[in-house]
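This is protein25.cif (mmCIF, C-alpha atoms).
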```cif
data_entry
#
loop_
_atom_site.label_atom_id
_atom_site.label_comp_id
_atom_site.auth_asym_id
_atom_site.auth_seq_id
_atom_site.Cartn_x
_atom_site.Cartn_y
_atom_site.Cartn_z
CA MET A 146 72.06 107.03 106.96
CA GLU A 147 70.76 109.91 109.02
CA GLU A 148 72.25 112.31 111.55
CA ASN A 149 72.95 110.54 114.83
CA LYS A 150 74.13 112.65 117.71
CA ASN A 151 74.70 109.58 119.90
CA LEU A 152 77.25 107.97 117.63
CA THR A 153 79.57 105.76 119.68
CA ALA A 154 83.29 105.35 119.04
CA GLU A 155 82.75 101.70 118.10
CA ARG A 156 80.00 102.59 115.64
CA SER A 157 82.21 105.28 114.08
CA LEU A 158 85.01 102.80 113.46
CA GLU A 159 82.46 100.34 112.07
CA ILE A 160 81.18 102.95 109.59
CA ILE A 161 84.72 103.66 108.41
CA ARG A 162 85.51 99.96 107.99
CA GLU A 163 82.19 99.15 106.27
CA SER A 164 82.45 102.06 103.83
CA ILE A 165 85.98 101.17 102.77
CA GLU A 166 85.19 97.45 102.49
CA ARG A 167 81.98 98.01 100.48
CA SER A 168 83.79 100.29 98.06
CA GLN A 169 86.63 97.77 97.72
CA ARG A 170 84.16 94.96 96.95
CA THR A 171 82.51 96.98 94.16
CA ILE A 172 85.88 97.70 92.57
CA THR A 173 87.00 94.06 92.84
CA LYS A 174 83.70 92.86 91.31
CA ASN A 175 84.16 95.24 88.38
CA SER A 176 87.67 93.99 87.56
CA SER A 177 86.32 90.43 87.18
CA TRP A 178 84.77 91.20 83.75
CA SER A 179 88.11 92.15 82.20
CA MET A 180 89.84 89.11 83.68
CA MET A 181 87.18 86.72 82.35
CA TRP A 182 87.18 88.40 78.92
CA TRP A 183 90.97 88.18 78.46
CA GLY A 184 91.04 84.69 79.99
CA MET A 185 88.46 83.41 77.49
CA LEU A 186 90.36 85.01 74.59
CA VAL A 187 93.58 83.29 75.67
CA VAL A 188 91.78 79.92 75.87
CA VAL A 189 90.12 80.34 72.43
CA PHE A 190 93.25 81.62 70.66
CA SER A 191 95.53 79.00 72.24
CA LEU A 192 93.29 76.15 71.10
CA LEU A 193 92.62 77.71 67.67
CA THR A 194 96.33 78.37 67.02
CA ALA A 195 97.27 74.86 68.18
CA PHE A 196 94.66 73.34 65.84
CA LEU A 197 95.70 75.41 62.82
CA TRP A 198 99.43 74.88 63.55
CA LYS A 199 99.00 71.11 63.65
CA ASN A 200 96.69 70.82 60.63
CA TYR A 201 97.30 73.79 58.33
CA GLY A 202 100.79 75.06 57.82
CA GLY A 203 102.78 75.19 61.04
CA PRO A 204 103.79 77.93 63.48
CA VAL A 205 102.94 80.77 61.08
CA TRP A 206 99.49 80.74 62.74
CA ASN A 207 101.06 82.35 65.80
CA PHE A 208 100.38 85.62 64.01
CA LEU A 209 96.78 85.15 65.16
CA TRP A 210 97.90 86.44 68.57
CA ALA A 211 98.01 89.93 67.06
CA ALA A 212 94.31 89.55 66.24
CA MET A 213 93.68 88.55 69.85
CA TRP A 214 95.14 91.85 71.07
CA VAL A 215 92.92 93.84 68.71
CA ILE A 216 89.75 91.90 69.64
CA GLY A 217 90.75 92.07 73.30
CA TYR A 218 91.07 95.85 73.35
CA VAL A 219 87.80 96.36 71.43
CA GLY A 220 86.06 94.12 74.00
CA GLU A 221 87.76 95.99 76.85
CA TRP A 222 86.42 99.27 75.46
CA VAL A 223 82.89 97.82 75.38
CA ILE A 224 83.23 96.46 78.96
CA GLU A 225 84.39 99.88 80.18
CA ARG A 226 81.29 101.50 78.68
CA TYR A 227 78.80 99.13 80.27
CA LYS A 228 80.22 98.27 83.68
CA ASP A 229 79.17 100.20 86.79
CA PRO A 230 81.13 103.43 87.16
CA VAL A 231 83.49 103.15 90.12
CA PRO A 232 86.09 105.60 91.40
CA THR A 233 89.78 105.13 90.83
CA THR A 234 91.54 103.82 93.91
CA PHE A 235 95.09 102.79 94.74
CA VAL A 236 94.05 99.13 94.33
CA SER A 237 92.34 99.61 90.95
CA LYS A 238 95.27 101.70 89.69
CA THR A 239 97.79 99.07 90.81
CA ILE A 240 95.78 96.30 89.09
CA GLY A 241 95.87 98.44 85.94
CA TYR A 242 99.64 98.97 86.24
CA VAL A 243 100.30 95.23 86.69
CA TRP A 244 98.32 94.21 83.62
CA SER A 245 99.37 97.04 81.36
CA THR A 246 103.03 96.34 82.21
CA PHE A 247 102.47 92.67 81.47
CA GLY A 248 100.85 93.67 78.16
CA ILE A 249 103.74 95.96 77.18
CA PHE A 250 106.37 93.30 77.92
CA VAL A 251 104.56 90.38 76.30
CA GLY A 252 103.57 92.58 73.35
CA SER A 253 107.17 93.77 72.80
CA VAL A 254 108.67 90.28 73.05
CA SER A 255 105.95 88.85 70.76
CA LEU A 256 106.40 91.64 68.22
CA ILE A 257 110.18 91.20 67.99
CA LEU A 258 109.96 87.40 67.84
CA GLY A 259 107.12 87.75 65.32
CA LEU A 260 109.22 90.02 63.10
CA ILE A 261 112.04 87.47 63.28
CA GLY A 262 109.65 84.59 62.55
CA GLY A 263 108.24 86.53 59.59
CA GLY A 264 111.72 87.10 58.17
CA ILE A 265 111.63 90.88 58.63
CA LEU A 266 114.43 90.77 61.23
CA SER A 267 117.22 88.21 61.12
CA TRP A 268 117.55 85.48 63.75
CA GLU A 269 121.24 86.34 64.10
CA LEU A 270 120.29 89.69 65.59
CA ILE A 271 119.16 87.93 68.72
CA MET A 272 120.58 84.44 68.57
CA PRO A 273 123.94 84.36 66.75
CA ASN A 274 123.95 80.57 66.46
CA VAL A 275 120.31 80.45 65.34
CA PHE A 276 119.82 78.34 68.39
CA ILE A 277 117.28 79.20 71.01
CA PHE A 278 119.01 79.16 74.36
CA GLY A 279 116.00 80.18 76.37
CA GLY A 280 117.72 79.67 79.67
CA ILE A 281 116.35 80.74 83.00
CA THR A 282 118.45 83.93 82.85
CA SER A 283 116.27 85.37 80.09
CA ILE A 284 113.11 84.67 82.07
CA ILE A 285 114.58 86.12 85.28
CA CYS A 286 115.64 89.28 83.44
CA LEU A 287 112.15 89.66 82.00
CA CYS A 288 110.55 89.24 85.44
CA PHE A 289 113.05 91.72 86.90
CA GLY A 290 112.01 94.27 84.32
CA ILE A 291 108.29 93.70 84.88
CA ALA A 292 108.69 94.15 88.64
CA THR A 293 110.76 97.34 88.21
CA THR A 294 108.31 98.82 85.69
CA ILE A 295 105.36 98.19 88.03
CA THR A 296 107.33 99.77 90.89
CA GLY A 297 107.94 102.82 88.70
CA ALA A 298 104.23 103.06 87.89
CA VAL A 299 103.18 102.75 91.55
CA VAL A 300 105.66 105.40 92.74
CA LYS A 301 104.79 107.50 89.65
CA ASN A 302 108.34 107.73 88.32
CA ARG A 303 108.78 107.58 84.55
CA VAL A 304 112.58 107.06 84.73
CA ILE A 305 112.14 103.93 86.87
CA GLN A 306 109.53 102.64 84.40
CA ILE A 307 111.99 103.16 81.53
CA CYS A 308 114.75 101.45 83.57
CA GLY A 309 112.40 98.49 84.00
CA LEU A 310 111.62 98.29 80.29
CA VAL A 311 115.30 98.54 79.34
CA ALA A 312 116.38 96.01 81.98
CA GLY A 313 113.59 93.55 81.21
CA LEU A 314 113.58 93.59 77.42
CA GLY A 315 117.33 94.27 77.11
CA GLY A 316 118.09 91.50 79.60
CA PHE A 317 115.72 89.05 77.94
CA PHE A 318 117.16 89.46 74.44
CA GLY A 319 120.71 90.03 75.75
CA ALA A 320 120.66 86.71 77.60
CA LEU A 321 119.35 84.99 74.46
CA HIS A 322 122.17 86.57 72.46
CA TYR A 323 124.89 85.26 74.78
CA PRO A 324 124.13 81.60 75.46
CA ASP A 325 127.12 81.03 77.79
CA HIS A 326 128.75 82.49 80.90
CA ARG A 327 128.35 85.95 79.33
CA GLN A 328 124.65 85.72 80.24
CA LEU A 329 125.74 86.60 83.75
CA PHE A 330 127.26 89.88 82.57
CA VAL A 331 123.83 90.66 81.12
CA MET A 332 122.29 89.70 84.46
CA ALA A 333 124.71 92.03 86.27
CA ALA A 334 123.74 94.89 83.94
CA VAL A 335 120.07 94.12 84.58
CA GLY A 336 120.75 94.31 88.32
CA VAL A 337 122.26 97.77 87.89
CA VAL A 338 119.61 99.17 85.53
CA GLY A 339 116.65 97.35 87.06
CA LEU A 340 117.40 97.70 90.77
CA VAL A 341 120.42 99.82 91.72
CA VAL A 342 119.51 102.85 89.59
CA PRO A 343 115.79 102.81 90.61
CA GLY A 344 116.85 102.38 94.24
CA LEU A 345 119.14 105.40 93.99
CA ILE A 346 116.39 107.45 92.32
CA ILE A 347 113.92 106.65 95.13
CA ARG A 348 116.60 107.46 97.74
CA VAL A 349 117.46 110.82 96.14
CA GLN A 350 113.75 111.69 95.82
CA ASN A 351 113.09 110.97 99.48
CA GLN A 352 116.05 113.10 100.58
CA LYS A 353 114.60 116.20 98.90
CA MET B 12 79.83 112.58 124.69
CA PHE B 13 83.15 112.85 122.84
CA PRO B 14 84.29 116.46 123.29
CA ASN B 15 87.56 116.13 121.36
CA LEU B 16 86.06 114.52 118.27
CA ASP B 17 85.61 116.74 115.23
CA PRO B 18 81.82 117.39 115.22
CA LEU B 19 81.82 117.71 111.46
CA LEU B 20 83.07 114.16 111.03
CA HIS B 21 81.14 112.73 113.97
CA SER B 22 78.01 112.07 111.92
CA GLU B 23 77.15 108.75 110.26
CA LEU B 24 76.67 110.04 106.75
CA ARG B 25 79.53 112.56 106.67
CA LEU B 26 81.86 109.96 108.14
CA ALA B 27 80.78 107.40 105.53
CA VAL B 28 81.32 109.94 102.73
CA MET B 29 84.78 110.81 104.03
CA SER B 30 85.70 107.11 104.45
CA LEU B 31 84.65 106.40 100.85
CA LEU B 32 86.65 109.31 99.53
CA MET B 33 89.69 108.33 101.60
CA SER B 34 90.03 105.09 99.64
CA ALA B 35 89.44 106.71 96.24
CA ASP B 36 91.14 109.44 94.28
CA GLU B 37 87.72 110.93 93.58
CA ALA B 38 84.13 109.72 93.37
CA GLU B 39 81.01 110.79 91.54
CA PHE B 40 77.83 111.78 93.40
CA PRO B 41 75.73 108.75 92.22
CA TYR B 42 78.46 106.37 93.39
CA ILE B 43 78.57 107.96 96.88
CA LYS B 44 74.77 107.91 97.01
CA GLU B 45 74.65 104.22 96.11
CA GLN B 46 77.39 103.24 98.55
CA THR B 47 75.97 105.18 101.50
CA GLY B 48 72.30 104.48 100.76
CA ALA B 49 71.49 108.13 101.52
CA THR B 50 68.83 110.23 99.81
CA ALA B 51 70.08 112.73 97.22
CA GLY B 52 68.84 115.69 99.25
CA ASN B 53 70.45 114.64 102.53
CA LEU B 54 73.69 113.72 100.78
CA SER B 55 73.86 117.10 99.02
CA VAL B 56 73.46 118.91 102.35
CA GLN B 57 76.22 116.85 104.02
CA ILE B 58 78.56 117.22 101.05
CA GLU B 59 77.99 120.97 101.16
CA LYS B 60 78.94 121.04 104.88
CA LEU B 61 82.15 119.07 104.22
CA SER B 62 82.96 121.30 101.28
CA THR B 63 82.38 124.52 103.26
CA ALA B 64 84.76 123.23 105.94
CA GLY B 65 87.36 122.62 103.24
CA TYR B 66 87.44 118.87 103.88
CA ILE B 67 86.39 117.98 100.36
CA GLU B 68 86.53 119.62 96.97
CA VAL B 69 83.42 119.51 94.80
CA GLU B 70 83.76 119.81 91.05
CA LYS B 71 80.66 120.28 88.94
CA THR B 72 81.21 119.18 85.39
CA PHE B 73 79.48 117.38 82.52
CA LYS B 74 79.67 113.78 81.39
CA GLY B 75 78.46 113.99 77.82
CA LYS B 76 75.30 116.08 78.22
CA LYS B 77 74.59 115.00 81.80
CA PRO B 78 75.74 117.11 84.75
CA CYS B 79 78.27 115.31 86.92
CA THR B 80 79.40 116.15 90.47
CA ILE B 81 82.83 114.85 91.47
CA CYS B 82 84.07 114.91 95.08
CA ARG B 83 87.61 114.49 96.35
CA VAL B 84 89.30 114.83 99.73
CA THR B 85 91.54 117.86 100.29
CA PRO B 86 94.77 117.80 102.37
CA THR B 87 92.79 119.55 105.17
CA GLY B 88 90.19 116.77 105.03
CA LEU B 89 92.88 114.12 105.09
CA LYS B 90 94.45 115.65 108.20
CA ALA B 91 91.06 116.01 109.91
CA PHE B 92 90.18 112.39 109.15
CA GLU B 93 93.52 111.16 110.49
CA ASN B 94 93.03 113.17 113.69
CA TYR B 95 89.48 111.87 114.03
CA VAL B 96 90.61 108.22 113.77
CA LYS B 97 93.49 108.86 116.20
CA THR B 98 91.11 110.41 118.74
CA LEU B 99 88.65 107.54 118.31
CA LYS B 100 91.41 105.03 119.01
CA ASN B 101 92.36 106.94 122.16
CA TYR B 102 88.75 106.80 123.38
CA LEU B 103 88.60 103.09 122.71
CA GLU B 104 91.89 102.47 124.53
CA VAL B 105 90.74 104.53 127.52
CA GLY B 106 87.46 102.61 127.49
CA LYS B 107 89.29 99.27 127.62
CA LYS B 108 91.37 100.27 130.68
#
```
Render the structure in this file as structure tokens.
Amino acid sequence: MEENKNLTAERSLEIIRESIERSQRTITKNSSWSMMWWGMLVVVFSLLTAFLWKNYGGPVWNFLWAAMWVIGYVGEWVIERYKDPVPTTFVSKTIGYVWSTFGIFVGSVSLILGLIGGGILSWELIMPNVFIFGGITSIICLCFGIATTITGAVVKNRVIQICGLVAGLGGFFGALHYPDHRQLFVMAAVGVVGLVVPGLIIRVQNQK
Amino acid sequence: MFPNLDPLLHSELRLAVMSLLMSADEAEFPYIKEQTGATAGNLSVQIEKLSTAGYIEVEKTFKGKKPCTICRVTPTGLKAFENYVKTLKNYLEVGKK
């Protein structure tokens, strides 16, 4: 690209579009390695855990998922070292927020359920009747929380991120704890913590 | 040809550099060089011009033992780029009429 005094308006717009698109393609290509790595780990660990569960001692093998996280992060570190260096953009940051939020939520739920499964925490703490009532309310609350936490990360607001974590995890376990109409009280609380409060925070911030 | 267009941005390489930096928080010199296909010497000169005008900020640091040049757009650069695109659009609209 050299100096060109006769640059037309059309050519200028084309340069802007091409530069942004080329940069975006490089960033998208780079994120593919992490997706393939974690995808392969999920496939391997799902099949391995299913095999061991069926043939050697039952659901205790679900503890292997913890090993997957460790191997996954070591691999991620290696990928980061060897992939082409690219700048941080809004898109790459948002992709990071989405997956790290997913990781935090799934990790927290797995850890708590794992501690219960391992006998360290009692089942009654979460499900009083020792009866899994994994209704849709729990799942909705979890999704609510994930969406709010990502919103908090994108708008760079720690309080909204915490609201999302509290609403999502609190709502998920709260709805499991109350397997009847009281689930909807949990849902109402999730609506307040996960949407109303963050909405008010954003409104107050924009009024400043 | 386009009297109202910012002459500093109305150059292929400088415009490409600014466009790249607009979509990124910051970018390293080798990345900009690879994306624009410019020679190191030419790119350094154009980056210097943008930096002198206050459109970009250049940070010279080290990555391990290697020197590393990081560029990022300043609020002045952002404003200038927005004005440049707005003016371009006006020219194109006038041209269509």
### Message
Can you translate the PyMOL selection byres ((chain B) within 10 of (chain A)) into the concrete residues it hits in this file, as a PyMOL selection string?
### Response
chain B and resi 12-13+16+18+20-39+41-43+46-50+53-54+57+81+95-96+98-103+106
On this structure, which residues satisfy the PyMOL selection byres ((chain A and resi 309-322) around 7), written as an mmCIF file with C-alpha atoms, in the frame of the given file?
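Produced file out18.cif, reproduced below:
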```cif
data_model
loop_
_atom_site.group_PDB
_atom_site.id
_atom_site.type_symbol
_atom_site.label_atom_id
_atom_site.label_comp_id
_atom_site.auth_asym_id
_atom_site.auth_seq_id
_atom_site.Cartn_x
_atom_site.Cartn_y
_atom_site.Cartn_z
ATOM 1 C CA ILE A 271 119.160 87.930 68.720
ATOM 2 C CA MET A 272 120.580 84.440 68.570
ATOM 3 C CA PRO A 273 123.940 84.360 66.750
ATOM 4 C CA PHE A 278 119.010 79.160 74.360
ATOM 5 C CA GLY A 279 116.000 80.180 76.370
ATOM 6 C CA THR A 282 118.450 83.930 82.850
ATOM 7 C CA SER A 283 116.270 85.370 80.090
ATOM 8 C CA ILE A 284 113.110 84.670 82.070
ATOM 9 C CA CYS A 286 115.640 89.280 83.440
ATOM 10 C CA LEU A 287 112.150 89.660 82.000
ATOM 11 C CA CYS A 288 110.550 89.240 85.440
ATOM 12 C CA PHE A 289 113.050 91.720 86.900
ATOM 13 C CA GLY A 290 112.010 94.270 84.320
ATOM 14 C CA ILE A 291 108.290 93.700 84.880
ATOM 15 C CA THR A 293 110.760 97.340 88.210
ATOM 16 C CA THR A 294 108.310 98.820 85.690
ATOM 17 C CA ILE A 305 112.140 103.930 86.870
ATOM 18 C CA GLN A 306 109.530 102.640 84.400
ATOM 19 C CA ILE A 307 111.990 103.160 81.530
ATOM 20 C CA CYS A 308 114.750 101.450 83.570
ATOM 21 C CA TYR A 323 124.890 85.260 74.780
ATOM 22 C CA PRO A 324 124.130 81.600 75.460
ATOM 23 C CA GLN A 328 124.650 85.720 80.240
ATOM 24 C CA VAL A 331 123.830 90.660 81.120
ATOM 25 C CA MET A 332 122.290 89.700 84.460
ATOM 26 C CA VAL A 335 120.070 94.120 84.580
ATOM 27 C CA VAL A 338 119.610 99.170 85.530
ATOM 28 C CA GLY A 339 116.650 97.350 87.060
#
```
### Message
Residues near Thr80 in chain B, anyone? I mean within 6 Å using all atoms listed in the file, not counting same-chain ones fewer than 5 positions away, as a PyMOL selection string.
### Response
chain B and resi 39-40+70-71
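CA of Leu193 in chain A lies 28.4 Å from CA of Tyr227 in chain A.
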### Query
Just how far from CA of Glu93 in chain B is CA of Ala64 in chain B, in Å to one decimal?
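Separation of CA of Ala64 in chain B and CA of Glu93 in chain B: 15.6 Å.
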### Task
Would you work out the distance separating CA of Ser176 in chain A from CA of Val243 in chain A, expressed in Å to one decimal?
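These atoms are spaced 12.7 Å apart.
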